[in-house]
>>> print(open('my_file.cif').read())   # mmCIF, C-alpha atoms
data_protein
loop_
_atom_site.label_atom_id
_atom_site.label_comp_id
_atom_site.auth_asym_id
_atom_site.auth_seq_id
_atom_site.Cartn_x
_atom_site.Cartn_y
_atom_site.Cartn_z
CA ARG M 261 33.80 9.17 89.77
CA LYS M 262 36.64 9.17 87.23
CA ARG M 263 35.59 5.73 86.14
CA ARG M 264 31.99 6.82 85.62
CA LYS M 265 33.20 9.85 83.71
CA ARG M 266 35.39 7.69 81.50
CA ILE M 267 32.53 5.28 80.84
CA GLN M 268 30.27 8.22 80.00
CA GLN M 269 32.83 9.55 77.54
CA LEU M 270 33.14 6.14 75.90
CA LEU M 271 29.35 5.89 75.64
CA ASP M 272 29.16 9.36 74.12
CA VAL M 273 31.81 8.47 71.55
CA ALA M 274 30.09 5.18 70.71
CA THR M 275 26.72 6.91 70.47
CA SER M 276 28.17 9.61 68.23
CA GLU M 277 29.81 7.04 65.96
CA GLN M 278 26.61 5.01 65.81
CA GLN M 279 24.64 8.15 64.99
CA ILE M 280 27.09 9.03 62.20
CA ARG M 281 26.84 5.52 60.77
CA LEU M 282 23.05 5.67 60.91
CA GLU M 283 23.03 9.07 59.22
CA HIS M 284 25.32 7.76 56.46
CA ARG M 285 23.08 4.74 56.04
CA HIS M 286 20.00 6.95 55.97
CA ASN M 287 21.57 9.20 53.35
CA GLU M 288 22.53 6.21 51.20
CA LEU M 289 19.02 4.76 51.41
CA THR M 290 17.47 8.15 50.68
CA LYS M 291 19.72 8.55 47.64
CA LEU M 292 18.89 5.01 46.50
CA ARG M 293 15.18 5.73 46.95
CA VAL M 294 15.46 8.87 44.81
CA VAL M 295 17.31 6.94 42.09
CA LYS M 296 14.76 4.12 42.13
CA LEU M 297 11.87 6.59 42.12
CA GLU M 298 13.34 8.44 39.14
CA ALA M 299 13.84 5.14 37.32
CA TYR M 300 10.25 4.14 38.09
CA LEU M 301 8.84 7.47 36.90
CA SER M 302 10.98 7.29 33.77
CA ALA M 303 9.82 3.73 33.04
CA ARG M 304 6.22 4.74 33.66
CA GLN M 305 6.57 7.68 31.29
CA ARG M 306 8.13 5.47 28.61
CA THR M 307 5.35 2.91 29.09
CA ASN M 308 2.67 5.57 28.66
CA HIS M 309 4.47 6.89 25.58
CA ALA M 310 4.75 3.37 24.14
CA GLN M 311 1.05 2.71 24.81
CA ILE M 312 0.12 5.89 22.96
CA TRP M 313 2.23 4.89 19.96
CA LEU M 314 0.86 1.36 20.13
CA GLY M 315 -2.63 2.77 19.86
CA HIS M 316 -1.56 4.77 16.81
CA ALA M 317 0.24 1.78 15.29
CA GLN M 318 -2.84 -0.41 15.67
CA LYS M 319 -4.65 2.02 13.38
CA TRP M 320 -1.94 1.87 10.71
CA ASN M 321 -2.46 -0.13 7.53
CA VAL M 322 0.93 -0.79 5.98
CA THR M 323 -0.37 -2.19 2.70
CA ASN M 324 -2.87 0.62 2.21
CA ASP M 325 -0.29 3.27 3.12
CA CYS M 326 2.28 1.91 0.66
CA PHE M 327 -0.27 1.41 -2.14
CA HIS M 328 -2.87 4.15 -1.86
CA ILE M 329 -5.67 3.48 -4.34
CA TRP M 330 -8.08 6.32 -4.97
CA HIS M 331 -9.65 8.15 -7.90
CA ARG M 332 -9.20 11.42 -9.73
CA GLY M 333 -12.31 12.17 -11.72
CA PRO M 334 -12.83 9.38 -14.28
CA PHE M 335 -9.38 7.92 -13.56
CA ALA M 336 -8.43 5.45 -10.87
CA THR M 337 -5.09 6.25 -9.23
CA ILE M 338 -2.50 4.28 -7.31
CA ASN M 339 -0.08 6.43 -5.34
CA GLY M 340 -1.30 9.39 -7.38
CA LEU M 341 -0.58 7.79 -10.77
CA ARG M 342 -3.56 7.66 -13.13
CA LEU M 343 -4.35 4.33 -14.75
CA GLY M 344 -6.35 4.97 -17.90
CA ALA M 345 -6.01 6.06 -21.50
CA GLU M 346 -8.22 9.04 -22.21
CA VAL M 347 -11.48 10.78 -21.38
CA PRO M 348 -13.49 13.38 -23.29
CA SER M 349 -12.58 16.94 -22.42
CA PRO M 350 -14.96 18.79 -20.07
CA SER M 351 -16.93 21.80 -21.16
CA CYS M 352 -15.19 24.88 -22.48
CA ASN M 353 -12.72 26.56 -20.13
CA GLU M 354 -13.36 24.04 -17.37
CA LYS M 355 -10.38 23.39 -15.14
CA ASP M 356 -9.38 20.06 -13.65
CA SER M 357 -8.43 21.10 -10.12
CA SER M 358 -6.67 17.79 -9.39
CA SER M 359 -4.23 17.99 -12.30
CA GLY M 360 -4.09 21.74 -12.85
CA LEU M 361 -4.93 21.39 -16.57
CA THR M 362 -7.41 23.61 -18.36
CA PHE M 363 -9.64 22.03 -20.99
CA GLY M 364 -11.68 23.67 -23.69
CA SER M 365 -11.05 26.21 -26.42
CA HIS M 366 -8.16 28.65 -26.41
CA ASP M 367 -7.20 31.71 -28.35
CA GLY M 368 -5.51 29.88 -31.20
CA GLY M 369 -1.97 30.00 -29.88
CA SER M 370 0.30 26.99 -29.87
CA GLY M 371 0.18 26.64 -26.09
CA GLY M 372 -2.69 26.57 -23.63
CA GLY M 373 -5.28 23.86 -23.05
CA LEU M 374 -7.01 21.43 -25.34
CA ARG M 375 -9.45 22.52 -28.02
CA ASN M 376 -13.14 21.73 -27.73
CA ASN M 377 -14.08 18.08 -28.37
CA ASP M 378 -10.48 16.98 -27.81
CA ALA M 379 -9.78 14.14 -25.40
CA PHE M 380 -7.41 14.34 -22.47
CA LYS M 381 -4.87 11.52 -22.75
CA VAL M 382 -2.65 10.09 -20.05
CA SER M 383 0.97 9.51 -21.05
CA TRP M 384 2.29 5.97 -21.34
CA VAL M 385 4.97 6.80 -18.77
CA GLU M 386 2.26 7.31 -16.14
CA ILE M 387 0.23 4.29 -17.30
CA ASN M 388 3.28 1.99 -17.20
CA SER M 389 4.22 3.23 -13.73
CA ALA M 390 0.68 2.66 -12.43
CA LEU M 391 0.64 -0.87 -13.87
CA GLY M 392 4.03 -1.51 -12.28
CA LEU M 393 2.72 -0.47 -8.86
CA THR M 394 -0.36 -2.66 -9.32
CA THR M 395 1.88 -5.61 -10.19
CA LEU M 396 4.05 -4.95 -7.14
CA LEU M 397 0.96 -4.78 -4.91
CA LEU M 398 -0.42 -8.11 -6.13
CA ALA M 399 3.00 -9.75 -5.86
CA SER M 400 3.31 -8.44 -2.29
CA LEU M 401 -0.08 -9.87 -1.36
CA GLU M 402 0.95 -13.29 -2.68
CA LYS M 403 4.13 -13.29 -0.57
CA LYS M 404 2.41 -12.40 2.70
CA GLN M 405 2.85 -15.36 5.03
CA PRO M 406 1.27 -16.85 7.01
CA GLY M 407 -2.49 -16.44 6.81
CA CYS M 408 -2.80 -15.12 3.26
CA PRO M 409 -4.41 -17.66 0.88
CA ILE M 410 -3.74 -15.64 -2.30
CA ARG M 411 -1.87 -17.62 -4.97
CA PHE M 412 -1.57 -16.85 -8.68
CA GLN M 413 -1.42 -19.07 -11.73
CA HIS M 414 0.86 -16.62 -13.53
CA ASP M 415 4.23 -15.26 -12.44
CA LEU M 416 4.30 -11.56 -11.59
CA VAL M 417 7.61 -9.78 -12.13
CA PRO M 418 7.33 -6.24 -10.70
CA MET M 419 10.01 -4.02 -12.24
CA GLY M 420 8.55 -0.54 -11.94
CA SER M 421 7.39 0.89 -15.25
CA THR M 422 8.88 -2.11 -17.10
CA SER M 423 7.08 -4.92 -15.27
CA LYS M 424 6.41 -8.30 -16.84
CA ILE M 425 4.06 -11.24 -16.41
CA GLY M 426 4.90 -14.87 -17.04
CA LEU M 427 1.82 -16.67 -18.35
CA ARG M 428 1.40 -20.32 -17.37
CA LYS M 429 -1.10 -22.76 -18.83
CA THR M 430 -1.96 -24.29 -15.46
CA MET M 431 -1.49 -23.48 -11.79
CA GLY M 432 1.98 -24.46 -10.64
CA ALA M 433 3.36 -25.14 -14.11
CA ALA M 434 7.10 -24.60 -14.38
CA ALA M 435 7.20 -23.20 -17.91
CA ALA M 436 6.04 -19.62 -18.39
CA THR M 437 6.01 -17.22 -21.32
CA TYR M 438 6.83 -13.67 -20.28
CA TYR M 439 5.15 -10.60 -21.73
CA ASN M 440 5.79 -6.91 -21.14
CA LEU M 441 3.22 -5.10 -19.03
CA TYR M 442 4.15 -1.76 -20.55
CA SER M 443 3.78 -0.07 -23.90
CA ASP M 444 4.22 3.20 -25.78
CA ASP M 445 3.00 5.00 -28.88
CA SER M 446 5.50 3.38 -31.23
CA PHE M 447 4.25 1.49 -34.29
CA SER M 448 4.03 -2.29 -34.15
CA LEU M 449 2.94 -4.67 -36.90
CA PHE M 450 0.86 -6.72 -34.46
CA GLY M 451 -0.43 -3.74 -32.51
CA LYS M 452 -0.40 -4.17 -28.74
CA ARG M 453 -0.89 -7.94 -28.76
CA ASN M 454 1.80 -8.74 -26.17
CA PHE M 455 0.69 -5.87 -23.95
CA ASN M 456 -2.91 -7.08 -24.07
CA LEU M 457 -1.84 -10.63 -23.23
CA ALA M 458 -0.02 -9.28 -20.18
CA LEU M 459 -3.07 -7.20 -19.20
CA ASN M 460 -5.37 -10.21 -19.40
CA GLY M 461 -2.83 -12.18 -17.37
CA LEU M 462 -2.87 -9.48 -14.71
CA LEU M 463 -6.65 -9.65 -14.54
CA LYS M 464 -6.44 -13.46 -14.28
CA CYS M 465 -4.21 -12.99 -11.21
CA LEU M 466 -6.86 -10.69 -9.77
CA LEU M 467 -9.49 -13.38 -10.43
CA ASP M 468 -7.33 -16.02 -8.69
CA ALA M 469 -7.00 -13.74 -5.68
CA ALA M 470 -10.74 -13.03 -5.61
CA GLU M 471 -11.61 -16.74 -5.62
CA ALA M 472 -9.14 -17.44 -2.80
CA VAL M 473 -10.43 -14.52 -0.74
CA GLU M 474 -14.10 -15.48 -1.14
CA LYS M 475 -13.35 -18.96 0.22
CA ARG M 476 -11.82 -17.40 3.33
CA ASP M 477 -14.27 -14.54 3.91
CA ARG M 478 -17.70 -14.54 2.27
CA THR M 479 -18.18 -10.87 3.13
CA ILE M 480 -15.38 -9.86 0.74
CA VAL M 481 -17.00 -9.84 -2.70
CA LEU M 482 -15.42 -7.88 -5.52
CA PRO M 483 -17.72 -5.06 -6.67
CA HIS M 484 -16.94 -5.67 -10.35
CA GLU M 485 -17.25 -9.24 -11.61
CA ILE M 486 -14.34 -10.73 -13.56
CA GLU M 487 -15.12 -13.25 -16.29
CA LEU M 488 -13.18 -15.28 -18.84
CA THR M 489 -14.90 -14.69 -22.19
CA ASN M 490 -12.53 -16.55 -24.51
CA SER M 491 -10.68 -19.47 -22.95
CA ASN M 492 -8.55 -20.04 -26.05
CA GLN M 493 -7.15 -16.50 -26.10
CA ASN M 494 -7.48 -15.87 -22.34
CA GLU M 495 -9.56 -12.75 -22.91
CA MET M 496 -10.96 -11.34 -19.67
CA THR M 497 -13.67 -8.82 -18.90
CA ILE M 498 -14.34 -6.85 -15.75
CA GLY M 499 -17.79 -5.43 -15.20
CA LYS M 500 -18.66 -6.71 -18.72
CA ILE M 501 -15.89 -4.49 -20.15
CA PRO M 502 -12.86 -6.10 -21.86
CA VAL M 503 -9.47 -5.06 -20.53
CA THR M 504 -7.88 -5.40 -23.96
CA PHE M 505 -6.42 -2.06 -25.03
CA GLY M 506 -8.00 -0.98 -28.31
CA THR M 507 -9.42 2.05 -30.02
CA ASP M 508 -11.92 2.98 -27.30
CA GLY M 509 -9.70 4.66 -24.72
CA GLU M 510 -12.64 5.85 -22.63
CA GLN M 511 -13.93 2.28 -22.18
CA TRP M 512 -10.45 1.01 -21.31
CA THR M 513 -10.14 3.78 -18.72
CA ARG M 514 -13.37 2.56 -17.12
CA ALA M 515 -12.10 -1.03 -17.11
CA MET M 516 -8.88 0.03 -15.37
CA LYS M 517 -10.90 1.92 -12.78
CA TYR M 518 -12.93 -1.22 -12.11
CA MET M 519 -9.74 -3.25 -11.82
CA LEU M 520 -8.13 -0.96 -9.23
CA THR M 521 -11.42 -0.89 -7.31
CA ASP M 522 -11.32 -4.69 -7.06
CA VAL M 523 -7.67 -4.53 -5.98
CA LYS M 524 -8.76 -2.14 -3.22
CA TRP M 525 -11.11 -4.86 -1.97
CA LEU M 526 -8.18 -7.28 -1.76
CA VAL M 527 -6.28 -4.74 0.32
CA ALA M 528 -9.30 -4.57 2.66
CA PHE M 529 -9.17 -8.36 3.06
CA VAL M 530 -5.45 -8.32 3.87
CA SER M 531 -5.98 -5.51 6.38
CA LYS M 532 -8.71 -7.51 8.12
CA HIS M 533 -7.18 -10.99 8.20
CA VAL M 534 -3.42 -10.74 7.65
CA ASP M 535 -1.96 -7.41 8.76
CA ARG M 536 -3.71 -7.41 12.15
#
>>> encode(input="my_file.cif", output="C-alpha cells")
Amino acid sequence: RKRRKRIQQLLDVATSEQQIRLEHRHNELTKLRVVKLEAYLSARQRTNHAQIWLGHAQKWNVTNDCFHIWHRGPFATINGLRLGAEVPSPSCNEKDSSSGLTFGSHDGGSGGGLRNNDAFKVSWVEINSALGLTTLLLASLEKKQPGCPIRFQHDLVPMGSTSKIGLRKTMGAAAATYYNLYSDDSFSLFGKRNFNLALNGLLKCLLDAAEAVEKRDRTIVLPHEIELTNSNQNEMTIGKIPVTFGTDGEQWTRAMKYMLTDVKWLVAFVSKHVDR
C-alpha cells in the first residue's frame, strides 16, 4: 500500500510538472500567435495604404505638375507667369479678375488703372522668367532617358530669367553661338536682334521636338504649325505669325500663346510614352 501511495505521489508530481510545462508552452505559443497576428495585420494595413497611394501616384504627372501651362485671358502662362507683350485694354472700368487690375478711365489722379485705349503691358521681368521656364521644360524633355526621342539642334541653357540658347548650324555641330533669351526696355542700336535670334532658336527646338514626336506617335500633332520662312536668317513662324519681337505686341502675344500651346502637346506626349 505504501508503495502504491508513493507511486501515486510520483505520478501526481510528474503530471503536475507536465501540466505546468504544457501551460508554459501554450502561453508562449499564444503570445507568439498574437505577435504574428499583429505583424500580419500591420503589414496588411501598410499594404492597403501603399496600394491607395500607388493609385494616386499613377495619376500624377510630374512634368505637368512642375511646368503647369495654362492661359489667363489673351496670355498663355507657365507656372502662373504670363508670356506676352501687351493687349488692348478692355472696356471702361472692366476688371481683370485673374490679375486684380482695373482697366479703363479713371478720375485723373496719378494712380488707379489705365486710361481708355491704353494697352496693358507685361513687364520684362515676367516675360524673361516665363521664357526661362519654357527653356528649362524643353531642356528637361531632351534629357529624359530612355524612351524620349526628343533631340535639339541648338543648345538650351536654362538659367532662370537669364537663359541662353546656343545656335548651331547643323545637328550635332560642336561650335555654337550663344544668345540671350531675355531682354528689357533699354535702348540698343540694333534693337532686339540678339533676343529675336534666341527666340527663333527656341522655336526651332520646338520644331525639332515636334518632328521627333510625330515619328513616334502620329496622334500627337501640334495644333499650331511651325514653319521656317527665311532659311538665311532662321526666321520662324507659328500659326503663320512670326515670333520676332517687333512693334506689334498684340501679335507677338498671340504667337507666344501658340508656342506654349504646342509645348503643352509635347508634355502630353511625354506623359503618355515616357513618364508612365
>>> atom_distance(input="my_file.cif", atom1="atom CA of M:Leu467", atom2="atom CA of M:Glu485")
8.9 Å
>>> atom_distance(input="my_file.cif", atom1="atom CA of M:Thr430", atom2="atom CA of M:Arg476")
22.3 Å
>>> resolve_selection(input="my_file.cif", expression="the PyMOL selection byres ((chain M and resi 393) around 8)", output="PyMOL selection string")
chain M and resi 327+338+389-392+394-397+418+420
>>> atom_distance(input="my_file.cif", atom1="atom CA of M:Arg514", atom2="atom CA of M:Ile425")
22.2 Å
>>> closest_residue(input="my_file.cif", among="M:Asp415, M:Glu288, M:Asp272, M:Asp522", to="M:Pro483", atoms="all atoms listed in the file")
M:Asp522
>>> closest_residue(input="my_file.cif", among="M:Glu298, M:Glu402, M:Glu487, M:Glu346", to="M:Phe505", atoms="only C-alpha atoms")
M:Glu346
>>> resolve_selection(input="my_file.cif", expression="the PyMOL selection byres ((chain M and resi 453) around 12)", output="short mmCIF file (atom, residue, chain, number, x, y, z; two decimals) with C-alpha atoms, in the coordinates of the input")
data_model
loop_
_atom_site.label_atom_id
_atom_site.label_comp_id
_atom_site.auth_asym_id
_atom_site.auth_seq_id
_atom_site.Cartn_x
_atom_site.Cartn_y
_atom_site.Cartn_z
CA TYR M 439 5.15 -10.60 -21.73
CA ASN M 440 5.79 -6.91 -21.14
CA LEU M 441 3.22 -5.10 -19.03
CA TYR M 442 4.15 -1.76 -20.55
CA SER M 443 3.78 -0.07 -23.90
CA SER M 448 4.03 -2.29 -34.15
CA LEU M 449 2.94 -4.67 -36.90
CA PHE M 450 0.86 -6.72 -34.46
CA GLY M 451 -0.43 -3.74 -32.51
CA LYS M 452 -0.40 -4.17 -28.74
CA ASN M 454 1.80 -8.74 -26.17
CA PHE M 455 0.69 -5.87 -23.95
CA ASN M 456 -2.91 -7.08 -24.07
CA LEU M 457 -1.84 -10.63 -23.23
CA ALA M 458 -0.02 -9.28 -20.18
CA LEU M 459 -3.07 -7.20 -19.20
CA ASN M 460 -5.37 -10.21 -19.40
CA GLN M 493 -7.15 -16.50 -26.10
CA GLU M 495 -9.56 -12.75 -22.91
CA THR M 504 -7.88 -5.40 -23.96
CA PHE M 505 -6.42 -2.06 -25.03
CA GLY M 506 -8.00 -0.98 -28.31
#
>>> residues_around(input="my_file.cif", residues="M:Thr513", least_positions_apart="4", cutoff="10 Å", atoms="all atoms listed in the file", output="ChimeraX atom specification")
/M:334-336,342-347,382,503,505,508-509,517-519
>>> write_last_selection(input="my_file.cif", atoms="C-alpha atoms", output="compact mmCIF listing (two decimals), keeping the file's coordinate frame")
# COMPACT_ATOMS: atom_id res chain seq x y z
CA PRO M 334 -12.83 9.38 -14.28
CA PHE M 335 -9.38 7.92 -13.56
CA ALA M 336 -8.43 5.45 -10.87
CA ARG M 342 -3.56 7.66 -13.13
CA LEU M 343 -4.35 4.33 -14.75
CA GLY M 344 -6.35 4.97 -17.90
CA ALA M 345 -6.01 6.06 -21.50
CA GLU M 346 -8.22 9.04 -22.21
CA VAL M 347 -11.48 10.78 -21.38
CA VAL M 382 -2.65 10.09 -20.05
CA VAL M 503 -9.47 -5.06 -20.53
CA PHE M 505 -6.42 -2.06 -25.03
CA ASP M 508 -11.92 2.98 -27.30
CA GLY M 509 -9.70 4.66 -24.72
CA LYS M 517 -10.90 1.92 -12.78
CA TYR M 518 -12.93 -1.22 -12.11
CA MET M 519 -9.74 -3.25 -11.82
>>> residues_around(input="my_file.cif", residues="M:Glu471", least_positions_apart="5", cutoff="12 Å", atoms="all atoms listed in the file", output="ChimeraX atom specification")
/M:409-412,464-466,476-478,480-482,485-487,526
>>> decode(input="my_file.cif", residues="stretch 316-342 of chain M", atoms="N, CA and C atoms", output="PDB file, in the first residue's frame")
ATOM      1  N   HIS M 316      -2.980  56.790 -56.342  1.00  0.00           N
ATOM      2  CA  HIS M 316      -2.852  58.241 -56.501  1.00  0.00           C
ATOM      3  C   HIS M 316      -1.624  58.592 -57.338  1.00  0.00           C
ATOM      4  N   ALA M 317      -0.511  57.893 -57.074  1.00  0.00           N
ATOM      5  CA  ALA M 317       0.735  58.209 -57.780  1.00  0.00           C
ATOM      6  C   ALA M 317       0.625  57.913 -59.270  1.00  0.00           C
ATOM      7  N   GLN M 318      -0.156  56.890 -59.625  1.00  0.00           N
ATOM      8  CA  GLN M 318      -0.321  56.566 -61.039  1.00  0.00           C
ATOM      9  C   GLN M 318      -1.071  57.657 -61.791  1.00  0.00           C
ATOM     10  N   LYS M 319      -1.773  58.499 -61.057  1.00  0.00           N
ATOM     11  CA  LYS M 319      -2.491  59.612 -61.686  1.00  0.00           C
ATOM     12  C   LYS M 319      -1.660  60.887 -61.722  1.00  0.00           C
ATOM     13  N   TRP M 320      -0.494  60.859 -61.074  1.00  0.00           N
ATOM     14  CA  TRP M 320       0.358  62.048 -61.080  1.00  0.00           C
ATOM     15  C   TRP M 320       1.039  62.204 -62.432  1.00  0.00           C
ATOM     16  N   ASN M 321       1.335  63.447 -62.773  1.00  0.00           N
ATOM     17  CA  ASN M 321       2.099  63.773 -63.976  1.00  0.00           C
ATOM     18  C   ASN M 321       3.180  64.754 -63.553  1.00  0.00           C
ATOM     19  N   VAL M 322       4.379  64.236 -63.347  1.00  0.00           N
ATOM     20  CA  VAL M 322       5.446  65.051 -62.767  1.00  0.00           C
ATOM     21  C   VAL M 322       5.771  66.247 -63.652  1.00  0.00           C
ATOM     22  N   THR M 323       5.903  66.003 -64.949  1.00  0.00           N
ATOM     23  CA  THR M 323       6.265  67.096 -65.857  1.00  0.00           C
ATOM     24  C   THR M 323       5.188  68.170 -65.884  1.00  0.00           C
ATOM     25  N   ASN M 324       3.937  67.748 -65.939  1.00  0.00           N
ATOM     26  CA  ASN M 324       2.843  68.718 -65.990  1.00  0.00           C
ATOM     27  C   ASN M 324       2.699  69.461 -64.671  1.00  0.00           C
ATOM     28  N   ASP M 325       2.982  68.778 -63.548  1.00  0.00           N
ATOM     29  CA  ASP M 325       2.883  69.442 -62.250  1.00  0.00           C
ATOM     30  C   ASP M 325       3.991  70.469 -62.058  1.00  0.00           C
ATOM     31  N   CYS M 326       5.181  70.160 -62.551  1.00  0.00           N
ATOM     32  CA  CYS M 326       6.307  71.093 -62.396  1.00  0.00           C
ATOM     33  C   CYS M 326       6.215  72.262 -63.365  1.00  0.00           C
ATOM     34  N   PHE M 327       5.629  72.025 -64.544  1.00  0.00           N
ATOM     35  CA  PHE M 327       5.517  73.076 -65.558  1.00  0.00           C
ATOM     36  C   PHE M 327       4.049  73.156 -65.987  1.00  0.00           C
ATOM     37  N   HIS M 328       3.282  73.892 -65.217  1.00  0.00           N
ATOM     38  CA  HIS M 328       1.842  73.984 -65.480  1.00  0.00           C
ATOM     39  C   HIS M 328       1.582  75.073 -66.511  1.00  0.00           C
ATOM     40  N   ILE M 329       1.163  74.660 -67.696  1.00  0.00           N
ATOM     41  CA  ILE M 329       0.878  75.593 -68.790  1.00  0.00           C
ATOM     42  C   ILE M 329      -0.628  75.795 -68.878  1.00  0.00           C
ATOM     43  N   TRP M 330      -1.037  77.039 -68.842  1.00  0.00           N
ATOM     44  CA  TRP M 330      -2.459  77.356 -68.909  1.00  0.00           C
ATOM     45  C   TRP M 330      -2.602  78.704 -69.608  1.00  0.00           C
ATOM     46  N   HIS M 331      -3.704  79.375 -69.398  1.00  0.00           N
ATOM     47  CA  HIS M 331      -3.908  80.672 -70.030  1.00  0.00           C
ATOM     48  C   HIS M 331      -4.600  81.613 -69.045  1.00  0.00           C
ATOM     49  N   ARG M 332      -4.390  82.877 -69.256  1.00  0.00           N
ATOM     50  CA  ARG M 332      -5.047  83.916 -68.467  1.00  0.00           C
ATOM     51  C   ARG M 332      -5.507  84.993 -69.435  1.00  0.00           C
ATOM     52  N   GLY M 333      -6.748  84.849 -69.886  1.00  0.00           N
ATOM     53  CA  GLY M 333      -7.248  85.769 -70.895  1.00  0.00           C
ATOM     54  C   GLY M 333      -6.477  85.596 -72.192  1.00  0.00           C
ATOM     55  N   PRO M 334      -5.957  86.665 -72.768  1.00  0.00           N
ATOM     56  CA  PRO M 334      -5.206  86.559 -74.030  1.00  0.00           C
ATOM     57  C   PRO M 334      -3.784  86.049 -73.846  1.00  0.00           C
ATOM     58  N   PHE M 335      -3.336  85.893 -72.606  1.00  0.00           N
ATOM     59  CA  PHE M 335      -1.960  85.482 -72.338  1.00  0.00           C
ATOM     60  C   PHE M 335      -1.890  83.986 -72.047  1.00  0.00           C
ATOM     61  N   ALA M 336      -0.853  83.346 -72.554  1.00  0.00           N
ATOM     62  CA  ALA M 336      -0.518  81.998 -72.112  1.00  0.00           C
ATOM     63  C   ALA M 336       0.366  82.117 -70.878  1.00  0.00           C
ATOM     64  N   THR M 337       0.228  81.181 -69.958  1.00  0.00           N
ATOM     65  CA  THR M 337       1.004  81.236 -68.719  1.00  0.00           C
ATOM     66  C   THR M 337       1.718  79.913 -68.502  1.00  0.00           C
ATOM     67  N   ILE M 338       2.851  79.986 -67.858  1.00  0.00           N
ATOM     68  CA  ILE M 338       3.576  78.801 -67.411  1.00  0.00           C
ATOM     69  C   ILE M 338       3.930  79.025 -65.947  1.00  0.00           C
ATOM     70  N   ASN M 339       3.386  78.183 -65.105  1.00  0.00           N
ATOM     71  CA  ASN M 339       3.506  78.341 -63.648  1.00  0.00           C
ATOM     72  C   ASN M 339       3.027  79.723 -63.196  1.00  0.00           C
ATOM     73  N   GLY M 340       1.977  80.215 -63.850  1.00  0.00           N
ATOM     74  CA  GLY M 340       1.375  81.483 -63.473  1.00  0.00           C
ATOM     75  C   GLY M 340       2.029  82.707 -64.069  1.00  0.00           C
ATOM     76  N   LEU M 341       3.145  82.543 -64.781  1.00  0.00           N
ATOM     77  CA  LEU M 341       3.843  83.677 -65.387  1.00  0.00           C
ATOM     78  C   LEU M 341       3.328  83.898 -66.803  1.00  0.00           C
ATOM     79  N   ARG M 342       2.924  85.117 -67.104  1.00  0.00           N
ATOM     80  CA  ARG M 342       2.387  85.429 -68.430  1.00  0.00           C
ATOM     81  C   ARG M 342       3.515  85.600 -69.438  1.00  0.00           C
TER      82      ARG M 342
END
